[in-house]
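Here is upload.pdb, consisting of PDB, C-alpha atoms, pLDDT in the B column:
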ATOM      1  CA  MET A   1       8.041   0.798  24.983  1.00 78.00           C
ATOM      2  CA  SER A   2      10.213   1.101  21.908  1.00 94.00           C
ATOM      3  CA  VAL A   3       9.489  -1.225  19.012  1.00 98.00           C
ATOM      4  CA  LYS A   4      10.946  -1.744  15.559  1.00 98.00           C
ATOM      5  CA  LEU A   5       8.463  -1.467  12.692  1.00 98.00           C
ATOM      6  CA  LEU A   6       9.031  -2.993   9.271  1.00 98.00           C
ATOM      7  CA  TYR A   7       7.034  -2.237   6.124  1.00 98.00           C
ATOM      8  CA  PHE A   8       6.901  -4.248   2.919  1.00 98.00           C
ATOM      9  CA  ALA A   9       5.687  -3.880  -0.682  1.00 98.00           C
ATOM     10  CA  TRP A  10       3.137  -1.064  -1.211  1.00 98.00           C
ATOM     11  CA  VAL A  11       2.865  -0.412   2.526  1.00 98.00           C
ATOM     12  CA  ARG A  12       6.601   0.396   2.464  1.00 98.00           C
ATOM     13  CA  GLU A  13       6.233   2.532  -0.677  1.00 98.00           C
ATOM     14  CA  ARG A  14       3.317   4.547   0.698  1.00 98.00           C
ATOM     15  CA  ILE A  15       5.009   5.194   4.046  1.00 98.00           C
ATOM     16  CA  GLY A  16       8.248   6.001   2.268  1.00 98.00           C
ATOM     17  CA  ARG A  17      10.621   3.965   4.427  1.00 98.00           C
ATOM     18  CA  PRO A  18      11.351   0.271   5.030  1.00 98.00           C
ATOM     19  CA  ALA A  19      11.763   0.429   8.810  1.00 98.00           C
ATOM     20  CA  GLU A  20      11.685   2.700  11.842  1.00 98.00           C
ATOM     21  CA  GLU A  21      11.822   2.631  15.614  1.00 98.00           C
ATOM     22  CA  VAL A  22       8.751   4.038  17.386  1.00 98.00           C
ATOM     23  CA  GLU A  23       7.494   4.513  20.937  1.00 97.00           C
ATOM     24  CA  PRO A  24       3.712   4.256  20.952  1.00 97.00           C
ATOM     25  CA  PRO A  25       1.840   5.556  24.026  1.00 96.00           C
ATOM     26  CA  PRO A  26       0.689   2.954  26.615  1.00 95.00           C
ATOM     27  CA  ALA A  27      -2.927   3.132  25.363  1.00 96.00           C
ATOM     28  CA  VAL A  28      -1.805   1.483  22.117  1.00 97.00           C
ATOM     29  CA  ALA A  29      -2.352  -2.133  23.124  1.00 98.00           C
ATOM     30  CA  THR A  30      -3.124  -4.083  19.948  1.00 98.00           C
ATOM     31  CA  ILE A  31      -2.157  -4.223  16.278  1.00 98.00           C
ATOM     32  CA  ALA A  32      -5.419  -2.414  15.415  1.00 98.00           C
ATOM     33  CA  ASP A  33      -4.564   0.314  17.952  1.00 98.00           C
ATOM     34  CA  LEU A  34      -1.091   0.645  16.467  1.00 98.00           C
ATOM     35  CA  ILE A  35      -2.515   0.999  12.940  1.00 98.00           C
ATOM     36  CA  GLY A  36      -4.849   3.714  14.243  1.00 98.00           C
ATOM     37  CA  TRP A  37      -2.026   5.530  16.014  1.00 98.00           C
ATOM     38  CA  LEU A  38       0.294   5.315  12.985  1.00 98.00           C
ATOM     39  CA  SER A  39      -2.486   6.588  10.682  1.00 98.00           C
ATOM     40  CA  GLY A  40      -2.509   9.825  12.667  1.00 97.00           C
ATOM     41  CA  ARG A  41       1.196  10.449  12.102  1.00 97.00           C
ATOM     42  CA  GLY A  42       0.874  11.886   8.600  1.00 97.00           C
ATOM     43  CA  ASP A  43      -0.673  11.610   5.163  1.00 98.00           C
ATOM     44  CA  GLN A  44       1.673   8.858   4.010  1.00 98.00           C
ATOM     45  CA  TYR A  45       0.661   6.661   6.981  1.00 98.00           C
ATOM     46  CA  ALA A  46      -3.025   7.458   6.498  1.00 98.00           C
ATOM     47  CA  HIS A  47      -2.662   6.438   2.838  1.00 98.00           C
ATOM     48  CA  ALA A  48      -0.848   3.168   3.681  1.00 98.00           C
ATOM     49  CA  PHE A  49      -3.452   2.189   6.283  1.00 98.00           C
ATOM     50  CA  GLU A  50      -6.575   3.592   4.564  1.00 97.00           C
ATOM     51  CA  ASN A  51      -8.071   0.051   4.334  1.00 96.00           C
ATOM     52  CA  PRO A  52      -6.917  -1.559   7.583  1.00 96.00           C
ATOM     53  CA  GLU A  53      -8.820  -4.758   6.780  1.00 95.00           C
ATOM     54  CA  VAL A  54      -6.406  -5.594   3.933  1.00 95.00           C
ATOM     55  CA  ILE A  55      -3.275  -4.996   6.036  1.00 97.00           C
ATOM     56  CA  ARG A  56      -1.496  -8.088   7.342  1.00 97.00           C
ATOM     57  CA  ALA A  57       0.737  -7.968  10.425  1.00 98.00           C
ATOM     58  CA  ALA A  58       3.417 -10.046  12.080  1.00 98.00           C
ATOM     59  CA  ILE A  59       4.808  -9.805  15.599  1.00 98.00           C
ATOM     60  CA  ASP A  60       8.340 -11.089  15.990  1.00 98.00           C
ATOM     61  CA  ARG A  61       8.094 -12.880  12.630  1.00 98.00           C
ATOM     62  CA  THR A  62       4.815 -14.690  13.288  1.00 97.00           C
ATOM     63  CA  HIS A  63       1.477 -13.865  11.608  1.00 97.00           C
ATOM     64  CA  VAL A  64      -1.030 -12.224  13.963  1.00 98.00           C
ATOM     65  CA  LYS A  65      -4.558 -10.844  13.724  1.00 97.00           C
ATOM     66  CA  ALA A  66      -5.543  -7.203  14.286  1.00 98.00           C
ATOM     67  CA  ASP A  67      -6.669  -7.882  17.873  1.00 98.00           C
ATOM     68  CA  ALA A  68      -3.264  -9.313  18.900  1.00 98.00           C
ATOM     69  CA  ALA A  69      -1.628  -7.616  21.900  1.00 98.00           C
ATOM     70  CA  ILE A  70       1.665  -5.886  21.101  1.00 98.00           C
ATOM     71  CA  THR A  71       3.003  -6.035  24.663  1.00 95.00           C
ATOM     72  CA  GLY A  72       6.624  -7.147  24.652  1.00 95.00           C
ATOM     73  CA  ALA A  73       6.924  -7.142  20.862  1.00 98.00           C
ATOM     74  CA  ARG A  74      10.392  -6.344  19.542  1.00 98.00           C
ATOM     75  CA  GLU A  75       9.602  -6.302  15.816  1.00 98.00           C
ATOM     76  CA  ILE A  76       6.244  -5.626  14.177  1.00 98.00           C
ATOM     77  CA  ALA A  77       5.799  -5.856  10.413  1.00 98.00           C
ATOM     78  CA  PHE A  78       2.978  -4.517   8.249  1.00 98.00           C
ATOM     79  CA  PHE A  79       2.409  -5.707   4.701  1.00 98.00           C
ATOM     80  CA  PRO A  80      -0.229  -6.435   2.040  1.00 98.00           C
ATOM     81  CA  PRO A  81      -1.628  -9.953   1.504  1.00 97.00           C
ATOM     82  CA  MET A  82       1.195 -12.184   0.337  1.00 97.00           C
ATOM     83  CA  THR A  83       1.710 -13.095  -3.322  1.00 96.00           C
ATOM     84  CA  GLY A  84       4.691 -15.456  -3.295  1.00 95.00           C
ATOM     85  CA  GLY A  85       4.992 -18.983  -4.621  1.00 91.00           C
TER      86      GLY A  85
ATOM     87  CA  MET B 136      13.444 -36.383   7.792  1.00 80.00           C
ATOM     88  CA  SER B 137      15.891 -34.156   5.977  1.00 87.00           C
ATOM     89  CA  SER B 138      14.602 -30.737   5.065  1.00 95.00           C
ATOM     90  CA  ILE B 139      16.372 -27.909   3.283  1.00 96.00           C
ATOM     91  CA  VAL B 140      14.924 -24.430   2.731  1.00 97.00           C
ATOM     92  CA  ARG B 141      16.809 -21.858   0.678  1.00 98.00           C
ATOM     93  CA  LEU B 142      15.820 -18.279  -0.170  1.00 98.00           C
ATOM     94  CA  GLN B 143      18.083 -16.968  -2.906  1.00 98.00           C
ATOM     95  CA  PRO B 144      18.223 -14.599  -5.882  1.00 98.00           C
ATOM     96  CA  GLU B 145      20.024 -17.170  -8.058  1.00 98.00           C
ATOM     97  CA  PRO B 146      18.280 -19.620 -10.401  1.00 98.00           C
ATOM     98  CA  PHE B 147      18.139 -23.284  -9.373  1.00 98.00           C
ATOM     99  CA  ASP B 148      18.364 -26.630 -11.129  1.00 97.00           C
ATOM    100  CA  ALA B 149      15.310 -28.688 -10.172  1.00 98.00           C
ATOM    101  CA  ALA B 150      16.746 -31.974 -11.494  1.00 98.00           C
ATOM    102  CA  ALA B 151      19.978 -31.489  -9.530  1.00 98.00           C
ATOM    103  CA  GLU B 152      17.965 -30.781  -6.356  1.00 98.00           C
ATOM    104  CA  VAL B 153      15.912 -33.968  -6.786  1.00 98.00           C
ATOM    105  CA  ALA B 154      19.112 -35.958  -7.370  1.00 98.00           C
ATOM    106  CA  ALA B 155      20.712 -34.450  -4.250  1.00 97.00           C
ATOM    107  CA  LEU B 156      17.679 -35.308  -2.136  1.00 97.00           C
ATOM    108  CA  ARG B 157      17.664 -38.934  -3.397  1.00 97.00           C
ATOM    109  CA  ARG B 158      21.399 -39.555  -3.218  1.00 96.00           C
ATOM    110  CA  GLY B 159      22.252 -42.712  -1.240  1.00 95.00           C
ATOM    111  CA  ARG B 160      18.628 -43.292  -0.198  1.00 96.00           C
ATOM    112  CA  THR B 161      16.689 -46.504  -0.797  1.00 96.00           C
ATOM    113  CA  ASP B 162      13.783 -45.708   1.545  1.00 96.00           C
ATOM    114  CA  ILE B 163      12.277 -43.200  -0.892  1.00 97.00           C
ATOM    115  CA  GLY B 164       9.565 -44.598  -3.157  1.00 97.00           C
ATOM    116  CA  ALA B 165       8.083 -41.368  -4.498  1.00 98.00           C
ATOM    117  CA  VAL B 166       9.319 -37.885  -5.275  1.00 98.00           C
ATOM    118  CA  VAL B 167       7.055 -35.001  -6.267  1.00 98.00           C
ATOM    119  CA  SER B 168       8.735 -31.906  -7.673  1.00 98.00           C
ATOM    120  CA  PHE B 169       6.819 -28.679  -8.341  1.00 98.00           C
ATOM    121  CA  THR B 170       8.405 -25.739 -10.142  1.00 98.00           C
ATOM    122  CA  GLY B 171       6.654 -22.366 -10.316  1.00 98.00           C
ATOM    123  CA  ILE B 172       7.671 -20.335 -13.379  1.00 98.00           C
ATOM    124  CA  CYS B 173       7.348 -16.655 -14.272  1.00 97.00           C
ATOM    125  CA  ARG B 174       4.681 -16.256 -16.993  1.00 96.00           C
ATOM    126  CA  GLY B 175       5.115 -13.791 -19.821  1.00 97.00           C
ATOM    127  CA  HIS B 176       1.560 -12.504 -19.358  1.00 94.00           C
ATOM    128  CA  GLU B 177      -0.412 -11.258 -16.372  1.00 88.00           C
ATOM    129  CA  ASN B 178      -4.179 -10.826 -16.861  1.00 84.00           C
ATOM    130  CA  GLY B 179      -3.681 -11.012 -20.622  1.00 88.00           C
ATOM    131  CA  GLU B 180      -1.066  -8.245 -20.712  1.00 91.00           C
ATOM    132  CA  PRO B 181       2.574  -8.958 -21.586  1.00 96.00           C
ATOM    133  CA  ILE B 182       5.083  -8.403 -18.772  1.00 97.00           C
ATOM    134  CA  THR B 183       8.802  -7.615 -18.802  1.00 97.00           C
ATOM    135  CA  ALA B 184       9.691  -9.107 -15.412  1.00 98.00           C
ATOM    136  CA  LEU B 185       8.574  -9.800 -11.860  1.00 97.00           C
ATOM    137  CA  THR B 186      10.408  -8.506  -8.818  1.00 98.00           C
ATOM    138  CA  LEU B 187       9.915 -10.451  -5.615  1.00 98.00           C
ATOM    139  CA  GLU B 188      10.305  -8.598  -2.342  1.00 98.00           C
ATOM    140  CA  HIS B 189      10.504 -10.655   0.855  1.00 98.00           C
ATOM    141  CA  TYR B 190      10.904 -10.463   4.621  1.00 98.00           C
ATOM    142  CA  PRO B 191      13.925 -12.750   4.951  1.00 98.00           C
ATOM    143  CA  GLU B 192      13.887 -13.704   8.639  1.00 97.00           C
ATOM    144  CA  MET B 193      10.148 -14.272   8.745  1.00 98.00           C
ATOM    145  CA  ALA B 194      10.096 -16.150   5.412  1.00 98.00           C
ATOM    146  CA  GLU B 195      12.608 -18.638   6.796  1.00 96.00           C
ATOM    147  CA  ALA B 196      10.708 -19.047  10.057  1.00 96.00           C
ATOM    148  CA  GLU B 197       7.309 -19.307   8.375  1.00 97.00           C
ATOM    149  CA  ILE B 198       8.414 -21.844   5.748  1.00 97.00           C
ATOM    150  CA  ALA B 199      10.088 -23.924   8.489  1.00 96.00           C
ATOM    151  CA  ARG B 200       6.757 -23.934  10.381  1.00 96.00           C
ATOM    152  CA  GLN B 201       4.945 -25.051   7.220  1.00 96.00           C
ATOM    153  CA  VAL B 202       7.444 -27.864   6.625  1.00 97.00           C
ATOM    154  CA  GLU B 203       6.978 -28.975  10.229  1.00 97.00           C
ATOM    155  CA  ALA B 204       3.184 -28.968   9.792  1.00 96.00           C
ATOM    156  CA  ALA B 205       3.525 -31.080   6.625  1.00 97.00           C
ATOM    157  CA  GLN B 206       5.766 -33.519   8.488  1.00 96.00           C
ATOM    158  CA  THR B 207       3.266 -34.077  11.268  1.00 96.00           C
ATOM    159  CA  ARG B 208       0.493 -34.639   8.738  1.00 97.00           C
ATOM    160  CA  TRP B 209       2.159 -36.963   6.225  1.00 97.00           C
ATOM    161  CA  SER B 210       4.932 -39.507   6.277  1.00 97.00           C
ATOM    162  CA  LEU B 211       7.814 -37.730   4.522  1.00 98.00           C
ATOM    163  CA  SER B 212      11.420 -38.787   3.945  1.00 97.00           C
ATOM    164  CA  GLY B 213      12.625 -35.429   2.662  1.00 97.00           C
ATOM    165  CA  VAL B 214      11.570 -31.891   1.742  1.00 98.00           C
ATOM    166  CA  ARG B 215      13.438 -29.274  -0.251  1.00 98.00           C
ATOM    167  CA  ILE B 216      12.096 -25.780  -0.856  1.00 98.00           C
ATOM    168  CA  ILE B 217      13.811 -23.032  -2.818  1.00 98.00           C
ATOM    169  CA  HIS B 218      12.165 -19.641  -3.211  1.00 98.00           C
ATOM    170  CA  ARG B 219      13.841 -16.975  -5.313  1.00 98.00           C
ATOM    171  CA  HIS B 220      13.661 -13.236  -4.701  1.00 98.00           C
ATOM    172  CA  GLY B 221      14.729 -10.223  -6.730  1.00 98.00           C
ATOM    173  CA  ARG B 222      14.064  -9.660 -10.430  1.00 98.00           C
ATOM    174  CA  ILE B 223      12.856 -12.662 -12.438  1.00 98.00           C
ATOM    175  CA  GLU B 224      12.146 -12.641 -16.171  1.00 98.00           C
ATOM    176  CA  PRO B 225       9.454 -14.630 -18.024  1.00 98.00           C
ATOM    177  CA  GLY B 226      10.404 -18.274 -18.477  1.00 98.00           C
ATOM    178  CA  ALA B 227      12.614 -18.338 -15.373  1.00 98.00           C
ATOM    179  CA  GLU B 228      11.867 -20.371 -12.238  1.00 98.00           C
ATOM    180  CA  ILE B 229      10.482 -18.717  -9.098  1.00 98.00           C
ATOM    181  CA  VAL B 230       9.887 -21.524  -6.628  1.00 98.00           C
ATOM    182  CA  LEU B 231      10.718 -25.196  -6.153  1.00 98.00           C
ATOM    183  CA  VAL B 232       8.995 -27.630  -3.790  1.00 98.00           C
ATOM    184  CA  ILE B 233      10.232 -31.215  -3.628  1.00 98.00           C
ATOM    185  CA  THR B 234       8.659 -33.784  -1.337  1.00 98.00           C
ATOM    186  CA  ALA B 235       9.831 -37.379  -0.943  1.00 98.00           C
ATOM    187  CA  SER B 236       8.041 -40.252   0.725  1.00 98.00           C
ATOM    188  CA  SER B 237       7.788 -44.045   0.690  1.00 97.00           C
ATOM    189  CA  HIS B 238       4.507 -43.755  -1.194  1.00 95.00           C
ATOM    190  CA  ARG B 239       3.111 -41.317  -3.736  1.00 97.00           C
ATOM    191  CA  HIS B 240       0.048 -40.132  -1.839  1.00 97.00           C
ATOM    192  CA  ASP B 241       1.994 -38.452   0.962  1.00 98.00           C
ATOM    193  CA  ALA B 242       4.449 -36.851  -1.470  1.00 98.00           C
ATOM    194  CA  PHE B 243       1.658 -35.453  -3.693  1.00 98.00           C
ATOM    195  CA  ALA B 244      -0.448 -34.164  -0.796  1.00 98.00           C
ATOM    196  CA  ALA B 245       2.472 -32.578   1.065  1.00 98.00           C
ATOM    197  CA  ALA B 246       3.750 -30.814  -2.080  1.00 98.00           C
ATOM    198  CA  GLU B 247       0.328 -29.333  -2.776  1.00 97.00           C
ATOM    199  CA  PHE B 248      -0.149 -28.316   0.863  1.00 97.00           C
ATOM    200  CA  LEU B 249       3.264 -26.607   0.955  1.00 98.00           C
ATOM    201  CA  MET B 250       2.601 -24.713  -2.287  1.00 97.00           C
ATOM    202  CA  ASP B 251      -0.845 -23.560  -1.127  1.00 96.00           C
ATOM    203  CA  TYR B 252       0.710 -22.252   2.082  1.00 96.00           C
ATOM    204  CA  LEU B 253       3.685 -20.632   0.337  1.00 96.00           C
ATOM    205  CA  LYS B 254       1.213 -18.689  -1.827  1.00 95.00           C
ATOM    206  CA  THR B 255      -0.777 -17.293   1.076  1.00 93.00           C
ATOM    207  CA  ARG B 256       1.479 -17.270   4.192  1.00 95.00           C
ATOM    208  CA  ALA B 257       5.108 -16.932   3.135  1.00 97.00           C
ATOM    209  CA  PRO B 258       6.040 -13.217   3.248  1.00 98.00           C
ATOM    210  CA  PHE B 259       6.819 -12.603  -0.437  1.00 98.00           C
ATOM    211  CA  TRP B 260       5.280  -9.938  -2.691  1.00 98.00           C
ATOM    212  CA  LYS B 261       5.393  -9.798  -6.472  1.00 97.00           C
ATOM    213  CA  GLU B 262       5.700  -6.540  -8.351  1.00 98.00           C
ATOM    214  CA  VAL B 263       5.072  -6.777 -12.069  1.00 97.00           C
ATOM    215  CA  GLU B 264       7.013  -4.753 -14.606  1.00 97.00           C
ATOM    216  CA  ARG B 265       5.298  -3.848 -17.877  1.00 95.00           C
ATOM    217  CA  ALA B 266       6.115  -1.470 -20.704  1.00 91.00           C
ATOM    218  CA  SER B 267       3.561   0.887 -19.078  1.00 90.00           C
ATOM    219  CA  GLY B 268       5.137   0.790 -15.607  1.00 94.00           C
ATOM    220  CA  LYS B 269       5.243  -1.196 -12.372  1.00 96.00           C
ATOM    221  CA  SER B 270       2.459  -2.431 -10.105  1.00 96.00           C
ATOM    222  CA  TRP B 271       2.016  -4.817  -7.176  1.00 97.00           C
ATOM    223  CA  ILE B 272       0.163  -8.029  -7.925  1.00 94.00           C
ATOM    224  CA  ALA B 273      -3.027  -8.384  -5.870  1.00 92.00           C
ATOM    225  CA  ALA B 274      -3.559 -11.536  -3.822  1.00 89.00           C
ATOM    226  CA  LYS B 275      -6.053 -13.967  -5.359  1.00 87.00           C
ATOM    227  CA  GLU B 276      -9.072 -15.128  -3.401  1.00 85.00           C
ATOM    228  CA  SER B 277      -8.785 -18.478  -5.190  1.00 87.00           C
ATOM    229  CA  ASP B 278      -5.353 -18.964  -3.562  1.00 88.00           C
ATOM    230  CA  GLU B 279      -6.877 -18.253  -0.133  1.00 86.00           C
ATOM    231  CA  ALA B 280      -9.608 -20.807  -0.830  1.00 87.00           C
ATOM    232  CA  LEU B 281      -7.027 -23.417  -1.872  1.00 87.00           C
ATOM    233  CA  ALA B 282      -5.048 -22.868   1.327  1.00 88.00           C
ATOM    234  CA  ALA B 283      -8.204 -22.881   3.485  1.00 89.00           C
ATOM    235  CA  ARG B 284      -9.242 -26.360   2.320  1.00 89.00           C
ATOM    236  CA  TRP B 285      -6.351 -27.862   4.345  1.00 88.00           C
ATOM    237  CA  THR B 286      -7.918 -26.629   7.561  1.00 85.00           C
ATOM    238  CA  LYS B 287     -11.459 -27.887   6.840  1.00 72.00           C
ATOM    239  CA  PRO B 288     -11.912 -31.340   8.359  1.00 59.00           C
ATOM    240  CA  ASP B 289     -14.728 -32.260   5.959  1.00 49.00           C
ATOM    241  CA  SER B 290     -12.882 -31.339   2.754  1.00 48.00           C
ATOM    242  CA  ALA B 291     -11.578 -33.931   0.320  1.00 49.00           C
ATOM    243  CA  ALA B 292      -8.064 -32.528   0.632  1.00 52.00           C
ATOM    244  CA  ALA B 293      -7.922 -32.899   4.407  1.00 46.00           C
ATOM    245  CA  GLU B 294      -6.423 -36.050   5.866  1.00 48.00           C
TER     246      GLU B 294
END

I need this file expressed as structure tokens, please.
Amino acid sequence: MSVKLLYFAWVRERIGRPAEEVEPPPAVATIADLIGWLSGRGDQYAHAFENPEVIRAAIDRTHVKADAAITGAREIAFFPPMTGG
Amino acid sequence: MSSIVRLQPEPFDAAAEVAALRRGRTDIGAVVSFTGICRGHENGEPITALTLEHYPEMAEAEIARQVEAAQTRWSLSGVRIIHRHGRIEPGAEIVLVITASSHRHDAFAAAEFLMDYLKTRAPFWKEVERASGKSWIAAKESDEALAARWTKPDSAAAE
């Protein structure tokens, strides 16, 4: 399953790119799994996801929790807690 | 209810937005307008500017969901939200929330609710620019607490 990943703010800076297309293995079922899998892809990912509890995620532009299933997702975004307004 | 949400780099004119919302309407009895402004200091240190990064498609969808939630909770005749992105210097506006209703209570409550949710759920991130360099602003727990009170049935803020 191919999925588009988007990164924002310091997550984007640490990973070094704003977006990419990835194909996680079938065992990667949830957001938490995806964070774990991405963390193993290199130092920049490990750095971005070193405190997974502070990372926020969205599937297809809707906020989700770490245990959310990623099945069927087209676009998954990772970002720090929001500071707008 | 008429609702307009705009995400833009350009400044806005709050008075002109209120006038546009009210134009030709006699059902509106109360308008609350909140403007968030870029401060010249952050944690006691002077700043040069803020840069707001955002996730455009999700910001639009998320703010629309928040406006819908406000509508189901209070009786509103109109909502207008403008959120700027890009580089913003001290003294310039960042965000505008206007709520209109027949009566003041609904307009006040809905404006506060929308601001609390914009702070914690709209995908925007502020980076602060100082003479010493740039850094991302950390989310405040107090903002989370303010947003959480709208979901507690026993809180004073809840309807």

Legend entry - Nearest-residue call for chain B, choices A:Ala68, A:Ala32, A:Ala73, A:Ala58, using all atoms listed in the file: A:Ala58

Inset, instruction - Output the contact residues of chain B with respect to chain A at a cut-off of 9 Å, based on all atoms listed in the file, as a PyMOL selection string. - result: chain B and resi 171+187-190+192-194+196-197+218+229-231+250-262+271-275

Need the shell around Thr30 of chain A: protein/DNA/RNA residues with any atom at most 8 Å away, counting all atoms listed in the file. Skip same-chain ones fewer than 3 positions apart. Format as a compact mmCIF listing (two decimals) with C-alpha atoms, keeping the file's coordinate frame?
# COMPACT_ATOMS: atom_id res chain seq x y z
CA ASP A 33 -4.56 0.31 17.95
CA LEU A 34 -1.09 0.64 16.47
CA ALA A 66 -5.54 -7.20 14.29
CA ASP A 67 -6.67 -7.88 17.87
CA ALA A 68 -3.26 -9.31 18.90
CA ALA A 69 -1.63 -7.62 21.90
CA ILE A 70 1.66 -5.89 21.10
CA THR A 71 3.00 -6.04 24.66

Inset, instruction - Please write as JSON, numbers by chain the full residue list that the PyMOL selection byres ((chain A and resi 17) around 12) yields on this file. - result: {"A": [5, 6, 7, 8, 9, 10, 11, 12, 13, 14, 15, 16, 18, 19, 20, 21, 44, 45, 48]}

Inset, instruction - Rounded to one decimal place, report the atom CA of Ile76 of chain A-atom CA of Ala57 of chain A distance in Å. - result: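 According to the coordinates, atom CA of Ile76 of chain A and atom CA of Ala57 of chain A are separated by 7.1 Å.
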
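For the file shown, the residue list from the PyMOL selection byres ((chain B and resi 237) around 10) reads Thr161, Asp162, Ile163, Gly164, Ala165, Val166, Ser210, Leu211, Ser212, Ala235, Ser236, His238, Arg239, His240, Asp241 and Ala242 of chain B.
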
Legend entry - Residue with smallest distance to Lys4 of chain A - pool A:Pro24, A:Glu53, A:Ala29, A:Ala46, counting only C-alpha atoms: A:Pro24

Legend entry - Distance of atom CA of Gly72 of chain A from atom CA of Val140 of chain B, expressed in Å to one decimal place: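 Computed distance, atom CA of Val140 of chain B to atom CA of Gly72 of chain A, equals 29.1 Å.
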
Legend entry - Selection result of the PyMOL selection byres ((chain B and resi 220) around 6) on this file, as a PyMOL selection string: chain B and resi 144+187+219+221

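A straight line drawn from atom CA of Ile139 of chain B to atom CA of Val214 of chain B is 6.4 Å long.
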
Extending 3 Å beyond the listed atoms of segment 239-256 of chain B on each side, what axis-aligned box results? I want centre and edge lengths in Å to one decimal, as lines of an AutoDock Vina configuration file.
center_x = 1.8
center_y = -29.3
center_z = 0.2
size_x = 11.3
size_y = 30.0
size_z = 13.9

Inset, instruction - Would you please work out which residue, of B:Ala150, B:Cys173, B:Val167, B:Val232, is nearest to Ser138 of chain B when using only C-alpha atoms? - result: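 Result for the nearest residue to Ser138 of chain B: B:Val232.
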
Since the input is missing atoms, can you rebuild N, CA and C atoms for segment 158-174 of chain B and write them as a PDB file, keeping the file's coordinate frame?
ATOM      1  N   ARG B 158      20.079 -38.932  -3.261  1.00 96.00           N
ATOM      2  CA  ARG B 158      21.399 -39.555  -3.218  1.00 96.00           C
ATOM      3  C   ARG B 158      21.586 -40.481  -2.008  1.00 96.00           C
ATOM      4  N   GLY B 159      21.945 -41.746  -2.296  1.00 95.00           N
ATOM      5  CA  GLY B 159      22.252 -42.712  -1.240  1.00 95.00           C
ATOM      6  C   GLY B 159      21.042 -43.220  -0.481  1.00 95.00           C
ATOM      7  N   ARG B 160      19.832 -42.910  -0.935  1.00 96.00           N
ATOM      8  CA  ARG B 160      18.628 -43.292  -0.198  1.00 96.00           C
ATOM      9  C   ARG B 160      17.903 -44.418  -0.927  1.00 96.00           C
ATOM     10  N   THR B 161      17.501 -45.436  -0.193  1.00 96.00           N
ATOM     11  CA  THR B 161      16.689 -46.504  -0.797  1.00 96.00           C
ATOM     12  C   THR B 161      15.329 -46.602  -0.113  1.00 96.00           C
ATOM     13  N   ASP B 162      15.076 -45.704   0.850  1.00 96.00           N
ATOM     14  CA  ASP B 162      13.783 -45.708   1.545  1.00 96.00           C
ATOM     15  C   ASP B 162      12.740 -44.891   0.791  1.00 96.00           C
ATOM     16  N   ILE B 163      13.195 -44.082  -0.160  1.00 97.00           N
ATOM     17  CA  ILE B 163      12.277 -43.200  -0.892  1.00 97.00           C
ATOM     18  C   ILE B 163      11.623 -43.966  -2.046  1.00 97.00           C
ATOM     19  N   GLY B 164      10.285 -43.932  -2.077  1.00 97.00           N
ATOM     20  CA  GLY B 164       9.565 -44.598  -3.157  1.00 97.00           C
ATOM     21  C   GLY B 164       8.865 -43.634  -4.083  1.00 97.00           C
ATOM     22  N   ALA B 165       8.808 -42.355  -3.692  1.00 98.00           N
ATOM     23  CA  ALA B 165       8.083 -41.368  -4.498  1.00 98.00           C
ATOM     24  C   ALA B 165       8.676 -39.983  -4.275  1.00 98.00           C
ATOM     25  N   VAL B 166       8.861 -39.277  -5.361  1.00 98.00           N
ATOM     26  CA  VAL B 166       9.319 -37.885  -5.275  1.00 98.00           C
ATOM     27  C   VAL B 166       8.375 -37.036  -6.108  1.00 98.00           C
ATOM     28  N   VAL B 167       7.860 -35.959  -5.513  1.00 98.00           N
ATOM     29  CA  VAL B 167       7.055 -35.001  -6.267  1.00 98.00           C
ATOM     30  C   VAL B 167       7.850 -33.700  -6.306  1.00 98.00           C
ATOM     31  N   SER B 168       7.994 -33.150  -7.508  1.00 98.00           N
ATOM     32  CA  SER B 168       8.735 -31.906  -7.673  1.00 98.00           C
ATOM     33  C   SER B 168       7.842 -30.894  -8.387  1.00 98.00           C
ATOM     34  N   PHE B 169       7.622 -29.746  -7.745  1.00 98.00           N
ATOM     35  CA  PHE B 169       6.819 -28.679  -8.341  1.00 98.00           C
ATOM     36  C   PHE B 169       7.717 -27.477  -8.608  1.00 98.00           C
ATOM     37  N   THR B 170       7.666 -26.955  -9.812  1.00 98.00           N
ATOM     38  CA  THR B 170       8.405 -25.739 -10.142  1.00 98.00           C
ATOM     39  C   THR B 170       7.422 -24.659 -10.577  1.00 98.00           C
ATOM     40  N   GLY B 171       7.466 -23.519  -9.922  1.00 98.00           N
ATOM     41  CA  GLY B 171       6.654 -22.366 -10.316  1.00 98.00           C
ATOM     42  C   GLY B 171       7.494 -21.476 -11.215  1.00 98.00           C
ATOM     43  N   ILE B 172       6.920 -21.067 -12.350  1.00 98.00           N
ATOM     44  CA  ILE B 172       7.671 -20.335 -13.379  1.00 98.00           C
ATOM     45  C   ILE B 172       7.021 -18.982 -13.656  1.00 98.00           C
ATOM     46  N   CYS B 173       7.834 -18.006 -13.948  1.00 97.00           N
ATOM     47  CA  CYS B 173       7.348 -16.655 -14.272  1.00 97.00           C
ATOM     48  C   CYS B 173       6.699 -16.674 -15.661  1.00 97.00           C
ATOM     49  N   ARG B 174       5.402 -16.336 -15.707  1.00 96.00           N
ATOM     50  CA  ARG B 174       4.681 -16.256 -16.993  1.00 96.00           C
ATOM     51  C   ARG B 174       5.031 -14.950 -17.723  1.00 96.00           C
TER      52      ARG B 174
END
